[in-house]
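Reproduced below: target01.tsv, with TSV, C-alpha atoms.
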chain	number	residue	atom	x	y	z
A	1	MET	CA	-53.50	-40.40	50.13
A	2	ARG	CA	-51.18	-43.16	48.89
A	3	ILE	CA	-52.51	-46.70	48.91
A	4	PHE	CA	-50.99	-50.17	48.68
A	5	ASP	CA	-53.80	-52.74	48.33
A	6	PRO	CA	-52.36	-55.89	49.93
A	7	HIS	CA	-55.00	-58.26	48.53
A	8	ILE	CA	-56.87	-57.71	45.27
A	9	HIS	CA	-57.59	-60.00	42.31
A	10	MET	CA	-56.96	-57.75	39.33
A	11	THR	CA	-57.17	-60.59	36.81
A	12	SER	CA	-60.91	-60.26	37.44
A	13	ARG	CA	-61.01	-56.48	37.00
A	14	THR	CA	-61.04	-54.13	34.03
A	15	THR	CA	-58.49	-51.58	32.91
A	16	ASP	CA	-61.05	-48.93	33.92
A	17	ASP	CA	-60.60	-50.19	37.48
A	18	TYR	CA	-56.84	-49.63	37.19
A	19	ARG	CA	-57.49	-46.09	36.00
A	20	ALA	CA	-59.89	-45.37	38.88
A	21	MET	CA	-57.52	-46.91	41.41
A	22	ARG	CA	-54.63	-44.74	40.23
A	23	THR	CA	-56.84	-41.64	40.55
A	24	ALA	CA	-57.82	-42.70	44.08
A	25	GLY	CA	-54.18	-43.02	45.17
A	26	VAL	CA	-53.39	-46.70	44.62
A	27	ARG	CA	-49.74	-47.02	43.63
A	28	ALA	CA	-49.00	-50.67	44.43
A	29	LEU	CA	-50.82	-53.93	45.07
A	30	VAL	CA	-50.46	-57.65	45.70
A	31	GLU	CA	-52.59	-60.12	43.78
A	32	PRO	CA	-52.85	-63.46	45.60
A	33	SER	CA	-53.72	-66.68	43.78
A	34	PHE	CA	-57.34	-67.76	44.11
A	35	TRP	CA	-59.97	-69.89	42.39
A	36	LEU	CA	-61.48	-68.54	39.21
A	37	GLY	CA	-65.09	-69.68	39.53
A	38	GLN	CA	-64.76	-72.19	36.70
A	39	PRO	CA	-62.95	-75.19	38.25
A	40	ARG	CA	-59.45	-75.89	36.99
A	41	THR	CA	-58.86	-79.37	35.65
A	42	SER	CA	-55.07	-79.79	35.82
A	43	PRO	CA	-51.82	-78.22	37.06
A	44	ASP	CA	-51.36	-76.79	33.56
A	45	SER	CA	-54.23	-74.38	34.26
A	46	PHE	CA	-52.35	-73.12	37.31
A	47	ARG	CA	-49.11	-72.71	35.39
A	48	ASP	CA	-50.76	-70.48	32.81
A	49	TYR	CA	-52.46	-68.53	35.61
A	50	PHE	CA	-49.22	-68.07	37.55
A	51	ASP	CA	-47.44	-66.96	34.38
A	52	GLY	CA	-50.17	-64.37	33.85
A	53	LEU	CA	-49.70	-63.02	37.38
A	54	LEU	CA	-45.97	-62.73	36.71
A	55	GLY	CA	-46.19	-61.33	33.19
A	56	TRP	CA	-49.29	-59.84	31.63
A	57	GLU	CA	-50.86	-58.45	34.81
A	58	PRO	CA	-47.77	-56.46	35.93
A	59	TYR	CA	-47.57	-55.09	32.39
A	60	ARG	CA	-51.26	-54.10	32.44
A	61	ALA	CA	-50.96	-52.47	35.86
A	62	SER	CA	-47.89	-50.52	34.81
A	63	ARG	CA	-49.86	-48.92	31.94
A	64	TYR	CA	-51.84	-47.13	34.66
A	65	GLY	CA	-48.97	-46.27	36.98
A	66	ILE	CA	-49.45	-49.09	39.49
A	67	ARG	CA	-46.83	-51.59	40.66
A	68	HIS	CA	-48.17	-55.16	40.62
A	69	HIS	CA	-46.83	-57.98	42.80
A	70	CYS	CA	-48.27	-61.42	43.40
A	71	ALA	CA	-48.57	-64.23	45.93
A	72	LEU	CA	-48.68	-67.77	44.54
A	73	ALA	CA	-50.31	-70.88	45.99
A	74	LEU	CA	-52.79	-73.69	45.57
A	75	ASN	CA	-55.87	-72.00	47.03
A	76	PRO	CA	-57.85	-73.73	49.80
A	77	LYS	CA	-60.97	-74.42	47.73
A	78	GLU	CA	-59.12	-76.22	44.94
A	79	ALA	CA	-56.88	-78.06	47.39
A	80	ASN	CA	-59.84	-80.47	47.62
A	81	ASP	CA	-59.57	-81.42	43.94
A	82	PRO	CA	-57.05	-84.24	43.30
A	83	ARG	CA	-56.58	-82.95	39.73
A	84	CYS	CA	-55.11	-79.70	41.10
A	85	VAL	CA	-52.97	-80.90	44.00
A	86	PRO	CA	-49.90	-81.81	41.85
A	87	VAL	CA	-49.29	-78.10	41.33
A	88	LEU	CA	-47.72	-78.17	44.80
A	89	ASP	CA	-44.71	-79.80	43.12
A	90	ASP	CA	-44.36	-76.78	40.80
A	91	LEU	CA	-44.57	-74.12	43.48
A	92	PRO	CA	-40.94	-74.18	44.72
A	93	GLY	CA	-39.71	-73.10	41.28
A	94	TYR	CA	-42.27	-70.33	41.00
A	95	LEU	CA	-41.49	-69.01	44.48
A	96	LEU	CA	-37.98	-68.11	43.29
A	97	LYS	CA	-39.26	-65.62	40.71
A	98	ASP	CA	-39.10	-61.84	40.95
A	99	GLY	CA	-42.49	-60.34	41.63
A	100	VAL	CA	-43.54	-63.11	44.01
A	101	VAL	CA	-43.69	-61.46	47.43
A	102	ALA	CA	-45.63	-64.09	49.39
A	103	VAL	CA	-47.19	-67.55	49.44
A	104	GLY	CA	-50.96	-67.25	49.29
A	105	GLU	CA	-53.82	-67.54	49.55
A	106	ILE	CA	-53.42	-70.62	51.75
A	107	GLY	CA	-55.58	-71.75	54.63
A	108	PHE	CA	-59.13	-73.05	54.89
A	109	ASP	CA	-62.35	-72.98	52.90
A	110	SER	CA	-64.35	-75.96	54.21
A	111	MET	CA	-61.90	-77.15	56.87
A	112	THR	CA	-61.15	-80.51	55.19
A	113	PRO	CA	-58.11	-82.76	55.72
A	114	ALA	CA	-57.03	-82.01	52.12
A	115	GLU	CA	-57.09	-78.27	52.83
A	116	GLU	CA	-55.07	-78.74	56.02
A	117	HIS	CA	-52.47	-80.79	54.13
A	118	ALA	CA	-52.06	-78.10	51.46
A	119	PHE	CA	-51.95	-75.42	54.16
A	120	THR	CA	-49.14	-77.10	56.09
A	121	VAL	CA	-47.12	-77.91	52.95
A	122	GLN	CA	-47.32	-74.35	51.66
A	123	LEU	CA	-46.68	-72.74	55.02
A	124	ALA	CA	-43.46	-74.76	55.18
A	125	LEU	CA	-42.59	-73.55	51.67
A	126	ALA	CA	-43.05	-69.95	52.81
A	127	ARG	CA	-40.72	-70.53	55.75
A	128	GLU	CA	-38.12	-72.31	53.62
A	129	HIS	CA	-38.14	-69.55	50.98
A	130	GLY	CA	-38.17	-66.68	53.48
A	131	LEU	CA	-41.48	-65.37	52.15
A	132	PRO	CA	-44.52	-64.01	53.98
A	133	ALA	CA	-47.65	-66.16	54.02
A	134	LEU	CA	-51.18	-64.90	53.38
A	135	VAL	CA	-53.76	-67.06	55.16
A	136	HIS	CA	-57.40	-67.20	54.06
A	137	THR	CA	-59.87	-67.79	56.89
A	138	PRO	CA	-63.07	-69.64	55.97
A	139	HIS	CA	-66.37	-67.89	55.34
A	140	ARG	CA	-68.15	-70.58	57.37
A	141	ASP	CA	-67.11	-71.50	60.92
A	142	LYS	CA	-64.72	-68.56	60.77
A	143	ALA	CA	-63.80	-68.55	64.47
A	144	VAL	CA	-63.00	-72.27	64.43
A	145	GLY	CA	-61.03	-71.89	61.21
A	146	THR	CA	-59.09	-68.92	62.53
A	147	ALA	CA	-58.19	-70.73	65.76
A	148	ARG	CA	-57.04	-73.80	63.82
A	149	SER	CA	-55.01	-71.62	61.45
A	150	LEU	CA	-53.16	-70.12	64.39
A	151	GLU	CA	-52.45	-73.61	65.76
A	152	ILE	CA	-50.95	-74.64	62.41
A	153	VAL	CA	-48.80	-71.49	62.28
A	154	ARG	CA	-47.47	-72.18	65.78
A	155	ALA	CA	-46.80	-75.84	64.97
A	156	ASP	CA	-44.83	-74.95	61.83
A	157	GLY	CA	-42.47	-72.67	63.70
A	158	ILE	CA	-42.58	-69.87	61.12
A	159	ASP	CA	-42.04	-66.40	62.53
A	160	PRO	CA	-45.62	-65.17	63.14
A	161	GLY	CA	-44.54	-61.76	61.91
A	162	MET	CA	-44.25	-63.38	58.48
A	163	VAL	CA	-47.92	-64.44	58.51
A	164	ALA	CA	-51.07	-62.42	57.80
A	165	ILE	CA	-54.37	-63.95	58.88
A	166	ASP	CA	-56.89	-62.44	56.47
A	167	HIS	CA	-60.66	-61.87	56.17
A	168	LEU	CA	-60.99	-61.16	59.89
A	169	ASN	CA	-63.96	-59.52	61.61
A	170	GLU	CA	-64.98	-58.33	65.06
A	171	VAL	CA	-65.21	-61.91	66.37
A	172	THR	CA	-61.94	-63.27	65.00
A	173	ALA	CA	-59.69	-60.20	65.31
A	174	PRO	CA	-59.20	-60.72	69.08
A	175	LEU	CA	-58.00	-64.28	68.39
A	176	VAL	CA	-55.17	-62.94	66.21
A	177	ALA	CA	-54.38	-59.69	68.02
A	178	ASP	CA	-51.90	-61.20	70.49
A	179	SER	CA	-50.57	-63.98	68.23
A	180	GLY	CA	-47.77	-61.99	66.63
A	181	CYS	CA	-49.39	-62.47	63.21
A	182	TRP	CA	-50.64	-59.60	61.10
A	183	MET	CA	-54.38	-58.96	61.03
A	184	GLY	CA	-55.96	-58.69	57.58
A	185	PHE	CA	-59.39	-57.22	56.85
A	186	SER	CA	-61.31	-57.28	53.56
A	187	VAL	CA	-63.63	-54.32	53.06
A	188	TYR	CA	-66.61	-55.12	50.82
A	189	PRO	CA	-69.72	-53.25	49.66
A	190	ASP	CA	-72.19	-55.64	51.38
A	191	THR	CA	-70.40	-58.47	53.16
A	192	LYS	CA	-67.28	-58.94	55.32
A	193	MET	CA	-66.14	-55.54	56.67
A	194	ASP	CA	-67.31	-52.07	55.70
A	195	PRO	CA	-65.34	-48.82	56.20
A	196	ASP	CA	-67.18	-47.80	59.37
A	197	ARG	CA	-66.76	-51.20	61.01
A	198	MET	CA	-63.10	-51.13	59.99
A	199	VAL	CA	-62.66	-47.78	61.71
A	200	GLU	CA	-64.14	-49.20	64.91
A	201	ILE	CA	-61.70	-52.11	64.83
A	202	LEU	CA	-58.78	-49.74	64.30
A	203	ALA	CA	-59.99	-47.68	67.25
A	204	SER	CA	-60.04	-50.83	69.39
A	205	HIS	CA	-56.89	-52.61	68.20
A	206	GLY	CA	-54.73	-49.76	66.92
A	207	THR	CA	-53.00	-49.37	63.57
A	208	HIS	CA	-50.02	-51.68	64.17
A	209	ARG	CA	-49.77	-54.90	62.10
A	210	VAL	CA	-53.11	-54.28	60.39
A	211	LEU	CA	-53.65	-54.80	56.66
A	212	VAL	CA	-56.75	-53.35	54.99
A	213	ASN	CA	-57.61	-54.68	51.56
A	214	SER	CA	-60.42	-54.64	49.02
A	215	ALA	CA	-60.06	-58.33	48.03
A	216	ALA	CA	-61.90	-57.26	44.87
A	217	ASP	CA	-62.58	-60.10	42.44
A	218	TRP	CA	-65.22	-61.19	39.92
A	219	GLY	CA	-67.97	-61.06	42.56
A	220	HIS	CA	-69.71	-58.00	43.98
A	221	SER	CA	-66.72	-56.05	45.27
A	222	ASP	CA	-65.10	-52.65	44.97
A	223	PRO	CA	-61.42	-51.93	44.27
A	224	LEU	CA	-61.83	-48.48	45.87
A	225	ARG	CA	-62.84	-49.74	49.32
A	226	THR	CA	-59.35	-49.03	50.62
A	227	HIS	CA	-59.74	-45.38	49.64
A	228	ALA	CA	-63.19	-45.30	51.27
A	229	THR	CA	-61.67	-46.69	54.47
A	230	GLY	CA	-59.03	-43.96	54.48
A	231	LEU	CA	-61.73	-41.30	54.17
A	232	ALA	CA	-63.72	-42.94	56.98
A	233	MET	CA	-60.61	-42.94	59.18
A	234	LEU	CA	-60.09	-39.22	58.62
A	235	ALA	CA	-63.76	-38.48	59.32
A	236	ALA	CA	-63.47	-40.41	62.60
A	237	GLY	CA	-60.50	-38.36	63.78
A	238	PHE	CA	-57.56	-40.48	62.70
A	239	THR	CA	-54.62	-38.46	61.39
A	240	GLU	CA	-53.22	-38.48	57.87
A	241	ASP	CA	-50.19	-40.27	59.31
A	242	ASP	CA	-52.49	-43.00	60.72
A	243	VAL	CA	-54.06	-43.44	57.31
A	244	ASP	CA	-50.65	-43.60	55.65
A	245	GLN	CA	-49.52	-46.25	58.12
A	246	VAL	CA	-52.56	-48.48	57.54
A	247	LEU	CA	-52.90	-48.04	53.79
A	248	TRP	CA	-49.24	-47.78	52.79
A	249	ARG	CA	-46.53	-48.38	55.37
A	250	ASN	CA	-48.06	-51.51	56.89
A	251	PRO	CA	-48.33	-53.49	53.63
A	252	VAL	CA	-44.89	-52.23	52.61
A	253	GLU	CA	-43.50	-53.53	55.91
A	254	PHE	CA	-45.24	-56.89	55.65
A	255	TYR	CA	-44.47	-57.70	52.02
A	256	GLY	CA	-41.12	-55.94	52.19
A	257	GLN	CA	-39.91	-58.94	54.18
A	258	SER	CA	-39.72	-60.75	50.83
A	259	GLY	CA	-36.99	-58.38	49.65
A	260	ARG	CA	-38.76	-58.14	46.29
A	261	LEU	CA	-41.02	-55.09	46.44
A	262	VAL	CA	-40.66	-52.56	43.64
A	263	LEU	CA	-42.33	-49.31	44.63
A	264	ASP	CA	-41.02	-46.72	42.21
A	265	ASP	CA	-43.67	-45.03	40.08
A	266	PRO	CA	-43.70	-46.60	36.58
A	267	GLY	CA	-44.72	-43.20	35.24
A	268	SER	CA	-46.30	-42.79	31.83
A	269	PRO	CA	-45.10	-45.64	29.61
A	270	LEU	CA	-44.77	-45.31	25.88
A	271	PRO	CA	-48.09	-46.10	24.17
A	272	GLU	CA	-46.46	-48.57	21.80
A	273	ALA	CA	-45.10	-50.73	24.63
A	274	VAL	CA	-46.35	-54.31	24.39
A	275	PHE	CA	-46.11	-57.58	26.31
A	276	ALA	CA	-45.54	-60.78	24.31
A	277	GLY	CA	-46.77	-58.95	21.24
A	278	ASN	CA	-49.97	-57.76	22.92
A	279	SER	CA	-51.06	-54.40	24.27
A	280	ILE	CA	-54.08	-52.97	26.08
A	281	ARG	CA	-54.63	-50.46	23.30
A	282	ARG	CA	-57.84	-50.64	21.30
A	283	GLY	CA	-58.83	-48.82	18.15
A	284	GLY	CA	-56.59	-46.72	15.89
A	285	SER	CA	-53.19	-45.30	16.68
Can you give me the file's structure in the form of structure tokens?
Amino acid sequence: MRIFDPHIHMTSRTTDDYRAMRTAGVRALVEPSFWLGQPRTSPDSFRDYFDGLLGWEPYRASRYGIRHHCALALNPKEANDPRCVPVLDDLPGYLLKDGVVAVGEIGFDSMTPAEEHAFTVQLALAREHGLPALVHTPHRDKAVGTARSLEIVRADGIDPGMVAIDHLNEVTAPLVADSGCWMGFSVYPDTKMDPDRMVEILASHGTHRVLVNSAADWGHSDPLRTHATGLAMLAAGFTEDDVDQVLWRNPVEFYGQSGRLVLDDPGSPLPEAVFAGNSIRRGGS
């Protein structure tokens, strides 16, 4: 089973997670920008974070045979903080960089006017740069937020095939199914979707334009939920080709629209390889 996790926050995870993911079949991933728990206080915090997603994290992933890509954005939650909003002026330069395969996460958290402004600005940036957009739907009032997200996508004029509406469930999936946008599902240990519920949705909606992710971060989450979903699909009678489409070919197709995916196996790098003078090695040589 080969796996491309289209939404996972590896900055929050350990190198042991990378090792376990490689063993489970993960060979590539996309890490979208998100809030870090501790509020940022200036655009400088974002710049350092973005640089980490473009530098250190791809290096760290490569040590375990995984290709790392990122999506950059001002996330919905911090779009409400006036100290953070100026980072929108920096984004166009960052969106030109190799390794950036989408604009995201954008969308809604609390459905405020500030969030809608950041959403529309960044959706336009995605369209102007020819990049896919990853849209976060809110955890509260999810149906309302999903419907409004689709209205904003239509108003912008971006090709809906360049947009993934993420964190969907049984209620919101039907809203997106006929929109032309991709449907994204986050599979968690306790909340959002679980593997069995995901299998039921795939049985109802099919395997086309569906992205299954772990969305693993610093909260209670599991970077192997994609693998668990693949096993659940097989147990439910889906074929190995179905699993490959959902867990590999679909994210490759979606993010491949950026023209920036690198999917060759980085292999076993030399142990002395470093990034900016640093390595993940600990202890003696």
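Picture a line from atom CA of Leu175 of chain A to atom CA of Pro223 of chain A; it runs 27.3 Å.
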Contact residues around Ser186 of chain A with all atoms listed in the file at 8 Å, ignoring same-chain residues under 2 positions, as a PyMOL selection string: chain A and resi 166-168+184+188+192-193+212-215
Taking all atoms of segment 58-69 of chain A that appear in the file, build a box with edges along x, y and z, extend it by 8 Å on every side, and state its centre and edge lengths in Å to one decimal, as JSON.
{"center_x": -49.3, "center_y": -52.1, "center_z": 37.4, "size_x": 21.0, "size_y": 27.7, "size_z": 26.9}
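Nearest residue to Ala61 of chain A, choosing from A:Arg83, A:His136, A:Arg27, A:Arg225 and counting all atoms listed in the file: A:Arg27.
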Residue neighbourhood Ala143 of chain A, 10 Å, all atoms listed in the file, exclusion window fewer than 2 positions, as a ChimeraX atom specification: /A:137-141,145-149,168-169,171-173,175
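The smallest atom-to-atom distance between Gly237 of chain A and any of A:Met183, A:Ala203, A:Leu150, A:Met21, using only C-alpha atoms, is found for A:Ala203.
Counting only C-alpha atoms, segment 63-67 of chain A has the following residues at most 6 Å away, ignoring those fewer than 4 positions along the same chain: Arg19, Arg27, Ala28, Pro266 and Gly267 of chain A.
Proximity of A:Ala126, A:Ile8, A:Met111, A:Leu224 to Leu95 of chain A, computed with all atoms listed in the file, is greatest for A:Ala126.
With only C-alpha atoms as the atoms that count, the residue of A:Glu105, A:Asp242, A:Asp196, A:Glu170 with the shortest distance to Trp35 of chain A is A:Glu105.
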One-decimal distance in Å that lies between atom CA of Thr15 of chain A and atom CA of Glu57 of chain A: 10.4 Å
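Atom CA of Gly219 of chain A to atom CA of Thr120 of chain A spans 28.2 Å [interatomic distance, one decimal].
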Nearest residue to Ala276 of chain A from the set A:Gly37, A:Pro251, A:Pro6, A:Gly55 (distances using only C-alpha atoms): A:Gly55
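Distances to Leu36 of chain A were evaluated for A:Thr23, A:Asn250, A:Thr207, A:Thr11 using only C-alpha atoms, and the minimum falls at A:Thr11.
The residue set within 10 Å of Glu128 of chain A, counting all atoms listed in the file and dropping same-chain residues fewer than 6 places from it, reads Pro92, Gln122 and Ile158 of chain A.
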Surrounding residues of Gly93 of chain A excluding itself and chain neighbours under 6 positions, 12 Å, all atoms listed in the file, as a list of chain:residue names: A:Arg47, A:Phe50, A:Leu72, A:Ala73, A:Val87, A:Val100, A:Leu125, A:His129
Suppose we keep C-alpha atoms; can you now write the selection as a PDB file, keeping the file's coordinate frame?
ATOM      1  CA  ARG A  47     -49.110 -72.710  35.390  1.00  0.00           C
ATOM      2  CA  PHE A  50     -49.220 -68.070  37.550  1.00  0.00           C
ATOM      3  CA  LEU A  72     -48.680 -67.770  44.540  1.00  0.00           C
ATOM      4  CA  ALA A  73     -50.310 -70.880  45.990  1.00  0.00           C
ATOM      5  CA  VAL A  87     -49.290 -78.100  41.330  1.00  0.00           C
ATOM      6  CA  VAL A 100     -43.540 -63.110  44.010  1.00  0.00           C
ATOM      7  CA  LEU A 125     -42.590 -73.550  51.670  1.00  0.00           C
ATOM      8  CA  HIS A 129     -38.140 -69.550  50.980  1.00  0.00           C
TER       9      HIS A 129
END
Writing N, CA and C atoms and nothing else, produce segment 93-121 of chain A as a JSON list (two decimals), in the first residue's frame.
[["chain", "number", "residue", "atom", "x", "y", "z"],
["A", 93, "GLY", "N", 5.30, 36.26, -2.71],
["A", 93, "GLY", "CA", 6.69, 35.84, -2.90],
["A", 93, "GLY", "C", 6.92, 34.40, -2.50],
["A", 94, "TYR", "N", 6.30, 33.98, -1.42],
["A", 94, "TYR", "CA", 6.46, 32.60, -0.97],
["A", 94, "TYR", "C", 5.80, 31.61, -1.93],
["A", 95, "LEU", "N", 4.71, 32.02, -2.56],
["A", 95, "LEU", "CA", 3.98, 31.10, -3.42],
["A", 95, "LEU", "C", 4.74, 30.78, -4.71],
["A", 96, "LEU", "N", 5.83, 31.48, -4.95],
["A", 96, "LEU", "CA", 6.67, 31.20, -6.12],
["A", 96, "LEU", "C", 7.70, 30.11, -5.87],
["A", 97, "LYS", "N", 7.85, 29.70, -4.62],
["A", 97, "LYS", "CA", 8.94, 28.81, -4.24],
["A", 97, "LYS", "C", 8.64, 27.35, -4.55],
["A", 98, "ASP", "N", 9.72, 26.61, -4.93],
["A", 98, "ASP", "CA", 9.60, 25.17, -5.10],
["A", 98, "ASP", "C", 9.16, 24.54, -3.78],
["A", 99, "GLY", "N", 8.38, 23.50, -3.87],
["A", 99, "GLY", "CA", 7.90, 22.83, -2.66],
["A", 99, "GLY", "C", 6.54, 23.30, -2.22],
["A", 100, "VAL", "N", 6.11, 24.48, -2.69],
["A", 100, "VAL", "CA", 4.78, 24.99, -2.36],
["A", 100, "VAL", "C", 3.81, 24.48, -3.43],
["A", 101, "VAL", "N", 2.92, 23.59, -3.05],
["A", 101, "VAL", "CA", 2.03, 22.96, -4.02],
["A", 101, "VAL", "C", 0.58, 23.40, -3.89],
["A", 102, "ALA", "N", 0.31, 24.32, -2.95],
["A", 102, "ALA", "CA", -1.06, 24.80, -2.77],
["A", 102, "ALA", "C", -1.06, 26.02, -1.87],
["A", 103, "VAL", "N", -2.19, 26.70, -1.83],
["A", 103, "VAL", "CA", -2.46, 27.76, -0.87],
["A", 103, "VAL", "C", -3.40, 27.17, 0.18],
["A", 104, "GLY", "N", -2.98, 27.20, 1.45],
["A", 104, "GLY", "CA", -3.83, 26.60, 2.46],
["A", 104, "GLY", "C", -3.13, 26.49, 3.81],
["A", 105, "GLU", "N", -3.86, 26.26, 4.87],
["A", 105, "GLU", "CA", -5.30, 26.17, 4.91],
["A", 105, "GLU", "C", -5.91, 27.56, 4.91],
["A", 106, "ILE", "N", -6.93, 27.76, 4.06],
["A", 106, "ILE", "CA", -7.73, 28.98, 4.08],
["A", 106, "ILE", "C", -9.16, 28.57, 4.36],
["A", 107, "GLY", "N", -10.03, 29.56, 4.61],
["A", 107, "GLY", "CA", -11.41, 29.22, 4.87],
["A", 107, "GLY", "C", -11.93, 29.85, 6.14],
["A", 108, "PHE", "N", -12.69, 29.07, 6.91],
["A", 108, "PHE", "CA", -13.38, 29.60, 8.08],
["A", 108, "PHE", "C", -13.04, 28.83, 9.35],
["A", 109, "ASP", "N", -12.99, 29.59, 10.45],
["A", 109, "ASP", "CA", -12.93, 29.01, 11.79],
["A", 109, "ASP", "C", -14.18, 29.42, 12.57],
["A", 110, "SER", "N", -14.37, 30.74, 12.72],
["A", 110, "SER", "CA", -15.54, 31.26, 13.45],
["A", 110, "SER", "C", -16.48, 32.05, 12.55],
["A", 111, "MET", "N", -16.25, 32.02, 11.26],
["A", 111, "MET", "CA", -17.14, 32.67, 10.29],
["A", 111, "MET", "C", -17.21, 34.19, 10.51],
["A", 112, "THR", "N", -16.07, 34.84, 10.71],
["A", 112, "THR", "CA", -16.04, 36.28, 10.93],
["A", 112, "THR", "C", -15.77, 37.02, 9.62],
["A", 113, "PRO", "N", -16.07, 38.33, 9.58],
["A", 113, "PRO", "CA", -15.73, 39.11, 8.38],
["A", 113, "PRO", "C", -14.23, 39.09, 8.09],
["A", 114, "ALA", "N", -13.38, 39.10, 9.13],
["A", 114, "ALA", "CA", -11.93, 39.06, 8.92],
["A", 114, "ALA", "C", -11.51, 37.76, 8.25],
["A", 115, "GLU", "N", -12.12, 36.65, 8.67],
["A", 115, "GLU", "CA", -11.81, 35.36, 8.05],
["A", 115, "GLU", "C", -12.25, 35.35, 6.60],
["A", 116, "GLU", "N", -13.41, 35.91, 6.30],
["A", 116, "GLU", "CA", -13.89, 35.92, 4.92],
["A", 116, "GLU", "C", -13.00, 36.78, 4.04],
["A", 117, "HIS", "N", -12.50, 37.88, 4.58],
["A", 117, "HIS", "CA", -11.58, 38.73, 3.81],
["A", 117, "HIS", "C", -10.31, 37.96, 3.47],
["A", 118, "ALA", "N", -9.70, 37.31, 4.47],
["A", 118, "ALA", "CA", -8.48, 36.54, 4.22],
["A", 118, "ALA", "C", -8.73, 35.39, 3.25],
["A", 119, "PHE", "N", -9.88, 34.77, 3.36],
["A", 119, "PHE", "CA", -10.27, 33.67, 2.48],
["A", 119, "PHE", "C", -10.30, 34.17, 1.03],
["A", 120, "THR", "N", -11.01, 35.26, 0.77],
["A", 120, "THR", "CA", -11.16, 35.73, -0.59],
["A", 120, "THR", "C", -9.83, 36.21, -1.19],
["A", 121, "VAL", "N", -9.02, 36.89, -0.36],
["A", 121, "VAL", "CA", -7.72, 37.36, -0.84],
["A", 121, "VAL", "C", -6.84, 36.18, -1.23]]
